[in-house]
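Everything below belongs to input-v5.json, which stores JSON, C-alpha atoms.
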[["chain", "number", "residue", "atom", "x", "y", "z"],
["A", 1, "MET", "CA", -18.70, -7.05, -1.63],
["A", 2, "LYS", "CA", -16.23, -9.89, -2.08],
["A", 3, "ALA", "CA", -12.59, -9.15, -1.33],
["A", 4, "LYS", "CA", -11.45, -10.41, -4.75],
["A", 5, "SER", "CA", -13.51, -7.68, -6.44],
["A", 6, "LYS", "CA", -11.27, -5.08, -4.74],
["A", 7, "ILE", "CA", -8.08, -6.40, -6.41],
["A", 8, "PHE", "CA", -7.37, -4.56, -9.65],
["A", 9, "SER", "CA", -5.01, -4.73, -12.62],
["A", 10, "ARG", "CA", -3.57, -1.33, -13.56],
["A", 11, "PRO", "CA", -5.98, -0.77, -16.50],
["A", 12, "ALA", "CA", -8.99, -1.77, -14.39],
["A", 13, "LEU", "CA", -7.78, 0.44, -11.53],
["A", 14, "ALA", "CA", -7.45, 3.45, -13.85],
["A", 15, "LYS", "CA", -11.03, 2.97, -15.08],
["A", 16, "TRP", "CA", -12.35, 2.49, -11.52],
["A", 17, "LEU", "CA", -10.51, 5.62, -10.33],
["A", 18, "ASP", "CA", -12.08, 7.67, -13.13],
["A", 19, "THR", "CA", -15.49, 6.64, -11.81],
["A", 20, "GLN", "CA", -14.49, 7.55, -8.25],
["A", 21, "ARG", "CA", -13.20, 10.97, -9.31],
["A", 22, "LYS", "CA", -16.36, 11.70, -11.32],
["A", 23, "ALA", "CA", -18.29, 10.95, -8.12],
["A", 24, "GLY", "CA", -16.19, 13.59, -6.31],
["A", 25, "LYS", "CA", -14.26, 11.12, -4.17],
["A", 26, "LYS", "CA", -10.96, 12.07, -2.52],
["A", 27, "ILE", "CA", -8.38, 9.39, -3.45],
["A", 28, "VAL", "CA", -5.74, 8.23, -0.95],
["A", 29, "PHE", "CA", -2.79, 5.96, -1.75],
["A", 30, "THR", "CA", -0.36, 4.03, 0.40],
["A", 31, "ASN", "CA", 1.85, 1.04, -0.29],
["A", 32, "GLY", "CA", 3.99, -1.67, 1.23],
["A", 33, "CYS", "CA", 4.91, -5.34, 1.30],
["A", 34, "PHE", "CA", 2.29, -6.26, 3.91],
["A", 35, "ASP", "CA", 3.97, -9.66, 4.27],
["A", 36, "ILE", "CA", 2.59, -10.65, 7.68],
["A", 37, "LEU", "CA", -0.27, -8.33, 8.60],
["A", 38, "HIS", "CA", 0.16, -6.80, 12.07],
["A", 39, "ALA", "CA", -1.11, -3.91, 14.20],
["A", 40, "GLY", "CA", 1.28, -1.45, 12.55],
["A", 41, "HIS", "CA", -0.22, -2.25, 9.15],
["A", 42, "VAL", "CA", -3.77, -1.91, 10.43],
["A", 43, "SER", "CA", -2.93, 1.44, 12.02],
["A", 44, "VAL", "CA", -1.43, 2.91, 8.84],
["A", 45, "LEU", "CA", -4.33, 1.61, 6.74],
["A", 46, "GLU", "CA", -6.92, 3.13, 9.08],
["A", 47, "PHE", "CA", -4.95, 6.41, 9.20],
["A", 48, "SER", "CA", -4.74, 6.40, 5.40],
["A", 49, "ARG", "CA", -8.46, 5.72, 4.96],
["A", 50, "ALA", "CA", -9.28, 8.63, 7.28],
["A", 51, "GLN", "CA", -7.44, 11.00, 4.91],
["A", 52, "GLY", "CA", -10.09, 10.69, 2.19],
["A", 53, "ASP", "CA", -12.98, 8.78, 0.69],
["A", 54, "VAL", "CA", -11.23, 5.97, -1.18],
["A", 55, "LEU", "CA", -8.07, 4.08, -0.17],
["A", 56, "VAL", "CA", -5.92, 2.45, -2.84],
["A", 57, "VAL", "CA", -3.15, 0.16, -1.55],
["A", 58, "GLY", "CA", -0.15, -0.74, -3.68],
["A", 59, "VAL", "CA", 1.36, -4.12, -2.76],
["A", 60, "ASN", "CA", 4.88, -5.18, -3.71],
["A", 61, "SER", "CA", 4.97, -8.30, -5.88],
["A", 62, "ASP", "CA", 6.81, -11.40, -4.63],
["A", 63, "ALA", "CA", 9.82, -10.62, -6.84],
["A", 64, "SER", "CA", 9.90, -7.04, -5.59],
["A", 65, "VAL", "CA", 9.77, -8.16, -1.94],
["A", 66, "ARG", "CA", 12.66, -10.60, -2.55],
["A", 67, "ARG", "CA", 14.77, -7.82, -4.05],
["A", 68, "LEU", "CA", 14.00, -5.49, -1.14],
["A", 69, "LYS", "CA", 13.93, -7.89, 1.82],
["A", 70, "GLY", "CA", 16.05, -10.88, 0.77],
["A", 71, "PRO", "CA", 15.64, -14.43, -0.54],
["A", 72, "THR", "CA", 13.57, -15.74, 2.39],
["A", 73, "ARG", "CA", 10.82, -13.19, 1.84],
["A", 74, "PRO", "CA", 7.98, -12.84, 1.31],
["A", 75, "VAL", "CA", 6.48, -15.29, 3.76],
["A", 76, "ASN", "CA", 3.06, -14.98, 2.08],
["A", 77, "LYS", "CA", 2.54, -14.92, -1.69],
["A", 78, "GLN", "CA", 1.35, -11.73, -3.38],
["A", 79, "ALA", "CA", -2.11, -13.13, -4.19],
["A", 80, "ASP", "CA", -2.63, -14.00, -0.52],
["A", 81, "ARG", "CA", -1.31, -10.63, 0.70],
["A", 82, "ALA", "CA", -3.55, -8.78, -1.76],
["A", 83, "LEU", "CA", -6.61, -10.80, -0.75],
["A", 84, "VAL", "CA", -6.07, -10.23, 2.98],
["A", 85, "LEU", "CA", -5.70, -6.48, 2.40],
["A", 86, "ALA", "CA", -8.76, -6.38, 0.15],
["A", 87, "ALA", "CA", -10.83, -8.03, 2.89],
["A", 88, "LEU", "CA", -10.15, -5.14, 5.27],
["A", 89, "GLN", "CA", -12.89, -2.56, 5.69],
["A", 90, "ALA", "CA", -10.45, 0.37, 5.40],
["A", 91, "VAL", "CA", -9.22, -0.74, 1.95],
["A", 92, "ASP", "CA", -11.19, 0.05, -1.21],
["A", 93, "ALA", "CA", -8.74, -1.13, -3.89],
["A", 94, "VAL", "CA", -5.55, -3.18, -4.08],
["A", 95, "CYS", "CA", -3.06, -3.29, -6.94],
["A", 96, "VAL", "CA", 0.16, -5.34, -7.04],
["A", 97, "PHE", "CA", 3.25, -3.68, -8.51],
["A", 98, "GLY", "CA", 6.47, -5.40, -9.57],
["A", 99, "GLU", "CA", 8.90, -2.50, -9.47],
["A", 100, "ASP", "CA", 11.08, -1.74, -6.45],
["A", 101, "THR", "CA", 9.14, 1.48, -5.86],
["A", 102, "PRO", "CA", 5.49, 2.37, -6.47],
["A", 103, "TYR", "CA", 6.46, 5.37, -8.66],
["A", 104, "ASN", "CA", 4.60, 4.20, -11.79],
["A", 105, "LEU", "CA", 1.55, 3.12, -9.81],
["A", 106, "ILE", "CA", 1.40, 6.47, -7.99],
["A", 107, "LYS", "CA", 1.72, 8.21, -11.37],
["A", 108, "LEU", "CA", -1.30, 6.21, -12.56],
["A", 109, "VAL", "CA", -3.35, 6.81, -9.39],
["A", 110, "ARG", "CA", -2.53, 10.55, -9.01],
["A", 111, "PRO", "CA", -3.80, 10.53, -5.42],
["A", 112, "ASP", "CA", -5.19, 13.49, -3.58],
["A", 113, "VAL", "CA", -3.24, 12.22, -0.56],
["A", 114, "LEU", "CA", -0.13, 10.01, -0.56],
["A", 115, "VAL", "CA", 0.57, 8.35, 2.81],
["A", 116, "LYS", "CA", 3.96, 7.02, 3.91],
["A", 117, "GLY", "CA", 5.50, 6.06, 7.22],
["A", 118, "GLY", "CA", 7.15, 8.70, 9.36],
["A", 119, "ASP", "CA", 10.49, 6.94, 8.88],
["A", 120, "TYR", "CA", 10.66, 8.59, 5.43],
["A", 121, "LYS", "CA", 11.77, 12.21, 5.07],
["A", 122, "PRO", "CA", 9.38, 14.17, 2.81],
["A", 123, "SER", "CA", 12.13, 14.48, 0.17],
["A", 124, "GLU", "CA", 12.53, 10.66, 0.12],
["A", 125, "ILE", "CA", 8.88, 9.90, -0.61],
["A", 126, "VAL", "CA", 8.66, 8.40, -4.09],
["A", 127, "GLY", "CA", 5.90, 9.77, -6.31],
["A", 128, "ARG", "CA", 5.15, 12.79, -4.14],
["A", 129, "GLU", "CA", 5.03, 14.99, -7.26],
["A", 130, "PHE", "CA", 1.86, 13.18, -8.40],
["A", 131, "ALA", "CA", -0.04, 13.81, -5.15],
["A", 132, "LYS", "CA", -1.81, 16.96, -4.05],
["A", 133, "LYS", "CA", -0.75, 16.29, -0.45],
["A", 134, "VAL", "CA", 1.67, 13.99, 1.39],
["A", 135, "ALA", "CA", 0.78, 12.72, 4.87],
["A", 136, "ARG", "CA", 3.28, 10.90, 7.08],
["A", 137, "PHE", "CA", 2.21, 8.32, 9.64],
["A", 138, "ALA", "CA", 4.03, 7.77, 12.95],
["A", 139, "LEU", "CA", 5.00, 4.09, 13.00],
["A", 140, "LEU", "CA", 4.09, 1.94, 15.99],
["A", 141, "LYS", "CA", 7.28, 1.04, 17.84],
["A", 142, "GLY", "CA", 8.30, -2.60, 17.74],
["A", 143, "ARG", "CA", 5.70, -3.56, 15.13],
["A", 144, "SER", "CA", 7.30, -5.02, 12.02],
["A", 145, "THR", "CA", 7.19, -8.18, 9.98],
["A", 146, "THR", "CA", 10.95, -8.58, 10.52],
["A", 147, "ASN", "CA", 10.43, -8.54, 14.31],
["A", 148, "ILE", "CA", 7.63, -11.09, 14.06],
["A", 149, "ILE", "CA", 9.83, -13.42, 11.97],
["A", 150, "LYS", "CA", 12.72, -13.09, 14.44],
["A", 151, "LYS", "CA", 10.40, -13.88, 17.37],
["A", 152, "VAL", "CA", 8.98, -16.97, 15.63],
["A", 153, "GLN", "CA", 12.47, -18.23, 14.78],
["A", 154, "LYS", "CA", 13.63, -18.12, 18.43]]

Represent the structure of the file as structure tokens.
Amino acid sequence: MKAKSKIFSRPALAKWLDTQRKAGKKIVFTNGCFDILHAGHVSVLEFSRAQGDVLVVGVNSDASVRRLKGPTRPVNKQADRALVLAALQAVDAVCVFGEDTPYNLIKLVRPDVLVKGGDYKPSEIVGREFAKKVARFALLKGRSTTNIIKKVQK
């Protein structure tokens, strides 16, 4: 399967998810900027995939990343970030969202399991009301895109 075939618009994702649900698949959702892919990202994606049968990854658009991280971000464009994620074995579907939070995308996906990093308190997890279960992932210390950028700039 080509990576590009795993990148979905919202309407196409909704249709694909209906097919997955009819097949009895357990849907998992996680999201992030995934600007420079690193071991922390791989760990959370593998953890997320292990929570069910199908992993959907929401990716912040370029404009969304700029609003959240500042004018020098993202380093990689949204099409590139989506393609790299889609090429990973753990990922079944990728959908870019332009809002600051994935609330509307989570509402569309209605995951069986919503995965977020352990740095979020359960009450802070956006879209948790649309998921049957919320799972938190313990972040790998020292692994972040911001740290990678700082190291490269030195």

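For the atom pair formed by CA of Ile7 in chain A and CA of Glu124 in chain A, the distance is 27.5 Å, given to one decimal.
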
Figure out the distance between CA of Ile36 in chain A and CA of Val134 in chain A, please, to one decimal in Å.
25.4 Å

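Distances from A:Arg136, A:Lys6, A:Lys107, A:Arg73 to Lys121 in chain A were compared using all atoms listed in the file, and the smallest one belongs to A:Arg136.
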
What's the 12 Å shell around range 15-23 of chain A, counting only C-alpha atoms, without same-chain residues fewer than 4 positions away, as a list in words?
Ser5, Lys6, Ile7, Phe8, Ser9, Arg10, Pro11, Ile27, Val28, Phe29, Gly52, Asp53, Val54, Leu55, Val56, Asp92, Ala93, Val94, Cys95, Leu108, Val109, Arg110, Pro111 and Asp112 of chain A

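Between CA of Pro102 in chain A and CA of Gly127 in chain A there is a distance of 7.4 Å.
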
Looking at all atoms listed in the file, which of A:Arg128, A:Lys4, A:Lys116, A:Lys77 is the one that sits closest to Asn31 in chain A?
A:Lys116

Given 5 Å of margin on each side, can you work out the centre and size in Å (one decimal) of an axis-aligned box holding every listed atom of range 97-107 of chain A, as lines of an AutoDock Vina configuration file?
center_x = 6.2
center_y = 1.4
center_z = -8.8
size_x = 19.7
size_y = 23.6
size_z = 15.9

So which residues touch Asn60 in chain A within 9 Å, counting all atoms listed in the file, skipping near sequence neighbours fewer than 2 positions away, as a count of residues only?
18

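Distances from A:Ala3, A:Leu105, A:Leu37, A:Leu88 to Val75 in chain A were compared using only C-alpha atoms, and the smallest one belongs to A:Leu37.
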